[in-house]
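Trainee: For reference, this is upload_13.cif, and it has mmCIF, C-alpha atoms.
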```cif
data_coords
#
loop_
_atom_site.label_atom_id
_atom_site.label_comp_id
_atom_site.auth_asym_id
_atom_site.auth_seq_id
_atom_site.Cartn_x
_atom_site.Cartn_y
_atom_site.Cartn_z
CA MET A 249 -106.09 52.02 137.06
CA ASP A 250 -104.21 49.36 138.94
CA THR A 251 -101.74 49.09 136.07
CA VAL A 252 -101.15 52.87 136.07
CA ARG A 253 -100.75 52.86 139.83
CA GLU A 254 -98.29 49.97 139.78
CA ARG A 255 -96.23 51.50 136.99
CA LEU A 256 -96.07 54.91 138.67
CA GLY A 257 -95.25 53.38 142.03
CA ARG A 258 -92.52 51.23 140.50
CA ASP A 259 -90.94 54.19 138.71
CA LEU A 260 -90.95 56.32 141.86
CA PHE A 261 -89.64 53.48 143.97
CA THR A 262 -86.74 52.83 141.60
CA ARG A 263 -85.81 56.52 141.58
CA VAL A 264 -85.77 56.74 145.36
CA ALA A 265 -84.51 53.31 146.36
CA GLY A 266 -82.32 52.35 143.40
CA PRO A 267 -82.07 49.08 141.49
CA GLY A 268 -81.53 47.10 144.68
CA GLY A 269 -84.50 48.66 146.44
CA ALA A 270 -86.79 45.63 146.36
CA VAL A 271 -84.15 43.38 147.91
CA ASN A 272 -83.32 45.99 150.55
CA ARG A 273 -87.00 46.49 151.37
CA ALA A 274 -87.56 42.78 151.87
CA ARG A 275 -84.51 42.58 154.15
CA ILE A 276 -85.35 45.71 156.15
CA HIS A 277 -88.99 44.87 156.78
CA GLY A 278 -88.82 41.09 156.72
CA THR A 279 -85.80 40.26 158.88
CA PRO A 280 -86.95 39.24 162.37
CA GLY A 281 -85.38 40.80 165.42
CA PRO A 282 -85.63 43.78 167.77
CA ARG A 283 -85.92 47.26 166.28
CA TRP A 284 -84.82 50.65 167.55
CA PHE A 285 -88.37 51.87 167.01
CA GLY A 286 -91.63 50.00 167.39
CA PRO A 287 -94.51 50.34 164.91
CA GLU A 288 -96.27 52.86 167.16
CA ARG A 289 -93.38 55.36 167.17
CA PRO A 290 -93.82 58.77 165.47
CA ILE A 291 -90.58 58.36 163.52
CA ARG A 292 -92.28 55.64 161.51
CA THR A 293 -95.28 57.87 160.82
CA VAL A 294 -93.13 60.74 159.55
CA HIS A 295 -90.53 58.78 157.61
CA GLY A 296 -93.20 56.61 156.02
CA ASP A 297 -95.19 59.45 154.48
CA ALA A 298 -95.00 60.97 150.99
CA SER A 299 -94.35 64.38 152.58
CA MET A 300 -90.73 63.21 152.92
CA PHE A 301 -90.21 64.14 149.26
CA ILE A 302 -90.83 67.78 150.17
CA GLY A 303 -89.04 67.54 153.49
CA GLY A 304 -85.93 66.10 151.87
CA LEU A 305 -85.63 68.98 149.40
CA ARG A 306 -86.18 71.50 152.19
CA ALA A 307 -83.48 69.84 154.28
CA LEU A 308 -80.93 70.11 151.45
CA LEU A 309 -81.65 73.82 151.02
CA LEU A 310 -81.51 74.54 154.75
CA GLN A 311 -78.37 72.48 155.36
CA SER A 312 -76.56 74.33 152.55
CA LEU A 313 -76.56 77.53 154.63
CA HIS A 314 -73.78 76.26 156.88
CA PRO A 315 -70.54 77.03 154.97
CA LEU A 316 -68.65 74.04 156.38
CA ALA A 317 -71.45 71.59 155.68
CA MET A 318 -71.91 72.97 152.16
CA ALA A 319 -68.20 72.79 151.42
CA ALA A 320 -68.13 69.14 152.47
CA VAL A 321 -71.15 68.36 150.29
CA ALA A 322 -69.74 70.21 147.29
CA ALA A 323 -66.36 68.50 147.51
CA HIS A 324 -67.30 64.98 148.57
CA SER A 325 -70.97 64.07 148.07
CA GLY A 326 -71.22 63.91 144.29
CA TYR A 327 -74.60 65.63 144.40
CA ARG A 328 -74.10 66.94 140.85
CA GLY A 329 -72.50 63.91 139.25
CA ASP A 330 -74.64 61.31 141.01
CA PRO A 331 -77.64 63.00 142.66
CA TRP A 332 -79.84 59.93 142.43
CA GLY A 333 -77.18 57.75 144.00
CA ARG A 334 -76.93 60.18 146.89
CA LEU A 335 -80.72 60.18 147.29
CA GLN A 336 -80.82 56.39 147.23
CA ARG A 337 -78.09 56.07 149.86
CA THR A 338 -79.85 58.57 152.11
CA SER A 339 -83.28 56.96 151.73
CA THR A 340 -81.84 53.52 152.44
CA PHE A 341 -80.12 54.80 155.59
CA LEU A 342 -83.38 56.35 156.81
CA ALA A 343 -85.30 53.16 156.09
CA VAL A 344 -82.77 50.91 157.82
CA THR A 345 -82.53 53.02 160.97
CA THR A 346 -86.30 53.61 161.12
CA TYR A 347 -87.63 50.15 160.25
CA GLY A 348 -84.72 47.71 160.22
CA THR A 349 -83.42 45.46 162.94
CA ALA A 350 -81.27 47.02 165.65
CA GLU A 351 -78.29 45.10 164.28
CA ASP A 352 -78.79 46.42 160.75
CA ALA A 353 -79.40 49.96 162.04
CA GLN A 354 -76.15 49.93 163.99
CA ARG A 355 -74.29 48.55 160.99
CA ALA A 356 -75.65 51.39 158.82
CA VAL A 357 -74.61 53.97 161.43
CA ASP A 358 -71.12 52.48 161.69
CA HIS A 359 -70.71 52.70 157.92
CA VAL A 360 -71.76 56.36 157.83
CA ARG A 361 -69.35 57.16 160.67
CA GLU A 362 -66.52 55.54 158.75
CA VAL A 363 -67.34 57.69 155.71
CA HIS A 364 -67.54 60.84 157.84
CA GLU A 365 -64.09 60.19 159.26
CA ARG A 366 -62.60 60.39 155.77
CA VAL A 367 -64.39 63.57 154.73
CA ARG A 368 -62.03 66.45 155.50
CA GLY A 369 -61.01 69.58 153.68
CA THR A 370 -60.88 73.34 153.60
CA THR A 371 -63.46 75.83 152.39
CA SER A 372 -62.68 78.44 149.74
CA ALA A 373 -62.28 80.88 152.65
CA GLY A 374 -59.64 78.66 154.25
CA GLU A 375 -61.80 77.22 157.02
CA PRO A 376 -61.11 73.55 157.82
CA TYR A 377 -64.00 71.12 158.03
CA HIS A 378 -64.42 67.52 159.11
CA ALA A 379 -67.69 65.69 158.55
CA ALA A 380 -67.27 63.81 161.84
CA ASP A 381 -67.20 67.08 163.84
CA PRO A 382 -70.05 66.72 166.37
CA HIS A 383 -70.98 70.39 165.99
CA LEU A 384 -71.30 70.08 162.22
CA LEU A 385 -73.19 66.81 162.56
CA GLY A 386 -75.53 68.60 164.95
CA TRP A 387 -76.41 71.20 162.33
CA VAL A 388 -77.10 68.59 159.66
CA HIS A 389 -79.31 66.72 162.12
CA VAL A 390 -81.43 69.63 163.35
CA ALA A 391 -81.91 71.00 159.82
CA GLU A 392 -83.06 67.58 158.67
CA VAL A 393 -85.41 66.93 161.59
CA ASP A 394 -86.94 70.40 161.35
CA SER A 395 -87.47 69.93 157.61
CA PHE A 396 -88.99 66.46 157.78
CA LEU A 397 -91.35 67.54 160.54
CA ALA A 398 -92.34 70.84 158.89
CA ALA A 399 -93.22 69.04 155.67
CA HIS A 400 -95.11 66.31 157.51
CA GLN A 401 -97.15 68.72 159.59
CA ARG A 402 -98.26 70.54 156.45
CA TYR A 403 -98.57 67.72 153.89
CA GLY A 404 -98.60 64.48 155.86
CA ALA A 405 -101.60 62.16 155.88
CA HIS A 406 -101.64 62.09 159.68
CA PRO A 407 -100.03 65.21 161.22
CA LEU A 408 -98.77 64.72 164.76
CA ASP A 409 -100.13 66.43 167.84
CA ALA A 410 -97.78 68.37 170.13
CA ALA A 411 -96.81 65.30 172.14
CA GLY A 412 -96.21 63.37 168.92
CA CYS A 413 -93.92 66.10 167.59
CA ASP A 414 -91.87 65.98 170.79
CA ALA A 415 -91.74 62.18 170.54
CA TYR A 416 -90.56 62.38 166.92
CA VAL A 417 -87.69 64.67 167.90
CA ALA A 418 -86.82 62.27 170.71
CA ASP A 419 -86.86 59.30 168.30
CA THR A 420 -84.50 61.02 165.87
CA ALA A 421 -82.17 61.89 168.75
CA ARG A 422 -81.38 58.21 169.15
CA VAL A 423 -80.06 57.98 165.61
CA ALA A 424 -78.25 61.32 165.90
CA ALA A 425 -76.47 60.29 169.09
CA ALA A 426 -75.38 57.04 167.45
CA LEU A 427 -73.92 59.08 164.58
CA GLY A 428 -71.90 61.23 166.97
CA VAL A 429 -74.13 64.24 167.69
CA VAL A 430 -73.56 65.44 171.25
CA ASP A 431 -76.77 65.95 173.26
CA PRO A 432 -79.19 66.14 170.30
CA PRO A 433 -82.50 67.91 171.00
CA ARG A 434 -85.23 65.68 172.37
CA ASP A 435 -88.30 67.89 172.10
CA MET A 436 -89.61 70.76 169.99
CA ALA A 437 -88.45 73.49 172.35
CA ALA A 438 -84.90 72.14 172.34
CA LEU A 439 -85.00 71.77 168.55
CA ALA A 440 -86.05 75.42 168.10
CA GLY A 441 -83.36 76.53 170.55
CA ARG A 442 -80.66 74.57 168.76
CA LEU A 443 -81.66 75.97 165.36
CA ALA A 444 -81.52 79.50 166.77
CA ALA A 445 -78.08 78.84 168.25
CA TYR A 446 -76.70 77.90 164.81
CA ARG A 447 -78.06 80.95 163.01
CA PRO A 448 -75.03 83.22 163.58
CA GLU A 449 -72.91 80.63 161.72
CA LEU A 450 -75.15 80.48 158.66
CA ARG A 451 -74.66 82.30 155.36
CA ALA A 452 -75.20 81.61 151.69
CA THR A 453 -71.86 80.90 150.04
CA ARG A 454 -71.37 80.66 146.29
CA GLU A 455 -71.57 76.87 146.64
CA ALA A 456 -74.87 77.14 148.52
CA ARG A 457 -76.46 79.36 145.87
CA GLU A 458 -75.21 77.05 143.12
CA ALA A 459 -76.67 74.06 144.97
CA ALA A 460 -80.01 75.85 145.34
CA ARG A 461 -80.12 76.61 141.60
CA PHE A 462 -79.25 73.00 140.80
CA ILE A 463 -81.89 71.61 143.18
CA LEU A 464 -84.65 74.04 142.20
CA LEU A 465 -84.01 74.84 138.54
CA HIS A 466 -81.79 72.19 136.96
CA PRO A 467 -82.70 68.77 138.38
CA PRO A 468 -81.42 65.79 136.37
CA LEU A 469 -84.87 64.65 135.30
CA PRO A 470 -86.63 63.81 132.04
CA TRP A 471 -89.00 66.52 130.84
CA VAL A 472 -92.08 64.50 131.76
CA ALA A 473 -91.01 64.59 135.41
CA ARG A 474 -90.09 68.28 135.54
CA ALA A 475 -93.58 69.59 136.32
CA PRO A 476 -94.26 67.35 139.35
CA TYR A 477 -90.73 67.97 140.61
CA ALA A 478 -91.32 71.73 140.30
CA VAL A 479 -94.35 71.31 142.56
CA LEU A 480 -92.26 69.49 145.17
CA ALA A 481 -89.54 72.14 144.95
CA ALA A 482 -91.98 75.04 145.24
CA ASN A 483 -93.53 73.53 148.33
CA ALA A 484 -90.11 72.82 149.86
CA VAL A 485 -89.23 76.49 149.41
CA ALA A 486 -92.61 77.61 150.78
CA THR A 487 -91.94 75.80 154.07
CA LEU A 488 -88.56 77.46 154.64
CA PRO A 489 -88.41 80.25 157.22
CA PRO A 490 -87.82 83.74 155.76
CA TRP A 491 -84.35 83.94 157.33
CA ALA A 492 -83.31 80.88 155.29
CA ARG A 493 -84.87 82.02 152.01
CA ARG A 494 -83.33 85.48 151.81
CA PRO A 495 -79.65 84.41 151.69
CA LEU A 496 -80.40 81.85 148.97
CA GLY A 497 -82.19 84.47 146.88
CA VAL A 498 -85.45 82.53 146.80
CA PRO A 499 -88.35 84.97 146.37
CA ARG A 500 -91.59 84.80 148.30
CA LEU A 501 -94.91 84.93 146.46
CA PRO A 502 -97.51 86.15 148.98
CA GLY A 503 -100.95 84.75 148.36
CA VAL A 504 -99.81 82.34 145.68
CA GLU A 505 -97.83 80.19 148.13
CA GLU A 506 -100.74 79.94 150.55
CA THR A 507 -103.21 78.95 147.83
CA VAL A 508 -101.93 77.54 144.54
CA VAL A 509 -98.58 76.20 145.76
CA ARG A 510 -99.96 74.61 148.91
CA ALA A 511 -102.93 73.06 147.10
CA SER A 512 -100.62 71.58 144.46
CA GLY A 513 -98.39 70.17 147.20
CA HIS A 514 -101.30 68.42 148.87
CA ALA A 515 -102.51 67.04 145.54
CA LEU A 516 -99.09 65.72 144.55
CA THR A 517 -98.30 64.12 147.91
CA ARG A 518 -101.71 62.40 147.82
CA THR A 519 -100.84 61.04 144.37
CA ILE A 520 -97.43 59.82 145.51
CA ARG A 521 -98.97 58.23 148.59
CA TRP A 522 -101.53 56.45 146.42
CA ALA A 523 -98.92 55.21 143.96
CA MET A 524 -96.44 54.03 146.58
CA SER A 525 -98.76 52.22 148.95
CA PRO A 526 -96.62 49.30 150.15
CA PRO A 527 -97.31 45.63 149.55
CA PRO A 528 -98.45 43.61 152.58
CA PRO A 529 -95.51 42.90 154.94
CA PRO A 530 -93.97 39.40 154.72
CA ALA A 531 -95.47 36.84 157.04
CA GLY A 532 -93.72 37.12 160.38
CA GLY A 533 -92.05 40.39 159.34
CA ALA A 534 -91.87 43.61 161.28
CA GLY A 535 -94.28 45.61 159.17
CA GLY A 536 -93.48 49.27 158.64
CA GLY A 537 -94.65 52.55 157.27
CA ALA A 538 -95.92 53.51 153.87
CA GLY A 539 -94.89 55.95 151.25
CA ALA A 540 -91.43 57.44 151.06
CA GLY A 541 -89.98 55.75 154.14
CA ARG A 542 -91.12 52.35 153.01
CA ALA A 543 -89.84 53.04 149.53
CA GLY A 544 -86.47 54.03 150.93
CA GLY A 545 -85.92 50.46 151.99
#
```
Go ahead and render the structure in this file as structure tokens.

Mentor:
Amino acid sequence: MDTVRERLGRDLFTRVAGPGGAVNRARIHGTPGPRWFGPERPIRTVHGDASMFIGGLRALLLQSLHPLAMAAVAAHSGYRGDPWGRLQRTSTFLAVTTYGTAEDAQRAVDHVREVHERVRGTTSAGEPYHAADPHLLGWVHVAEVDSFLAAHQRYGAHPLDAAGCDAYVADTARVAAALGVVDPPRDMAALAGRLAAYRPELRATREAREAARFILLHPPLPWVARAPYAVLAANAVATLPPWARRPLGVPRLPGVEETVVRASGHALTRTIRWAMSPPPPPAGGAGGGAGAGRAGG
């Protein structure tokens, strides 16, 4: 069983973290120095859990509902041509800012800000967008935080209490502010209010519906991986609010989602968590979380 576990964990890790993942993980967790977040912080609990696989898919679907954000993704992210590269870059950024030294975290943020400055264009409707726009960054941030937390509270090994949820939102606000988000929400009430404030701007464009079909129905995976991915995707959809599902044309299956889908999500995240249990931290290192967050580094 150890051999099966190691092989599965290695395959998942390589998919999420890329060929340089092992080197990055050793640097992120093993480099001494102050961190933005200590080992007791909720951001480490959430980002280190296998529920991030579901939360990440949910975040992509939710974020696609902002026409400017979706246009920028469609034109500049390479999500179709290089989806795994995009995933690996995102997971590495999350790992560095969550677990890495303060110096490395700031360097990662500076790099992302440089990339955002170059991402400009116009939607098919003629609306200009700029990835460095604080308002647009704010939408991407709140959609991501809401998604990661929703998935964790349903599928995480250690769901947070109310104070922990507020503290997680506050932790993520530090990264968001560094990226250029103005006054990011710092508790659950503010997060809900900010999501509600964005809703009048949201709609499902052709690009958003195409992205949803790609994410849910046509992932670039070998056939052997299609079934487990379908479980992740179904559970990502099941956690979306109804107002986000309707524009994307994603049907609801009453009864089935609450039983079969949810049970399969719990079973699969437990399997991923088992397979991706991290090695012991290097002597003198900073430690860190398990699961997806640890794999991202």

Trainee: At a cut-off of 12 Å, using all atoms listed in the file, what residues contact stretch 414-421 of chain A? Leave out same-chain residues fewer than 5 positions from it and give the result as a VMD selection string.

Mentor: chain A and resid 284 to 286 288 to 295 342 345 to 346 385 to 386 389 to 398 400 to 401 407 to 409 426 to 440

Trainee: What do you get, as a short mmCIF file (atom, residue, chain, number, x, y, z; two decimals) with C-alpha atoms, keeping the file's coordinate frame, if you spell out every residue that the PyMOL selection byres ((chain A and resi 493-498) around 6) selects here?

Mentor:
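The resulting file, result.cif, is reproduced below:
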```
data_model
loop_
_atom_site.label_atom_id
_atom_site.label_comp_id
_atom_site.auth_asym_id
_atom_site.auth_seq_id
_atom_site.Cartn_x
_atom_site.Cartn_y
_atom_site.Cartn_z
CA ALA A 452 -75.20 81.61 151.69
CA ARG A 457 -76.46 79.36 145.87
CA PRO A 490 -87.82 83.74 155.76
CA TRP A 491 -84.35 83.94 157.33
CA ALA A 492 -83.31 80.88 155.29
CA PRO A 499 -88.35 84.97 146.37
#
```

Trainee: Give me, please, the distance in Å between atom CA of A:Gly369 and atom CA of A:Val357, quoted to one decimal.

Mentor: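 We find that atom CA of A:Gly369 and atom CA of A:Val357 lie 22.1 Å from each other.
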
Trainee: Pick from A:Leu305, A:Ile276, A:Ala478, A:Leu450: nearest to A:Leu384, with only C-alpha atoms counted?

Mentor: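 Among the listed residues, A:Leu450 lies closest to A:Leu384.
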
Trainee: Do you know which residues the PyMOL selection byres ((chain A and resi 373-378) around 12) returns on this file, as a ChimeraX atom specification?

Mentor: /A:314-321,323-324,361,363-372,379-385,453-455

Trainee: Would you compute the distance between atom CA of A:Ser299 and atom CA of A:Gly281? Give it in Å to one decimal.

Mentor: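 Those two atoms sit 28.3 Å apart.
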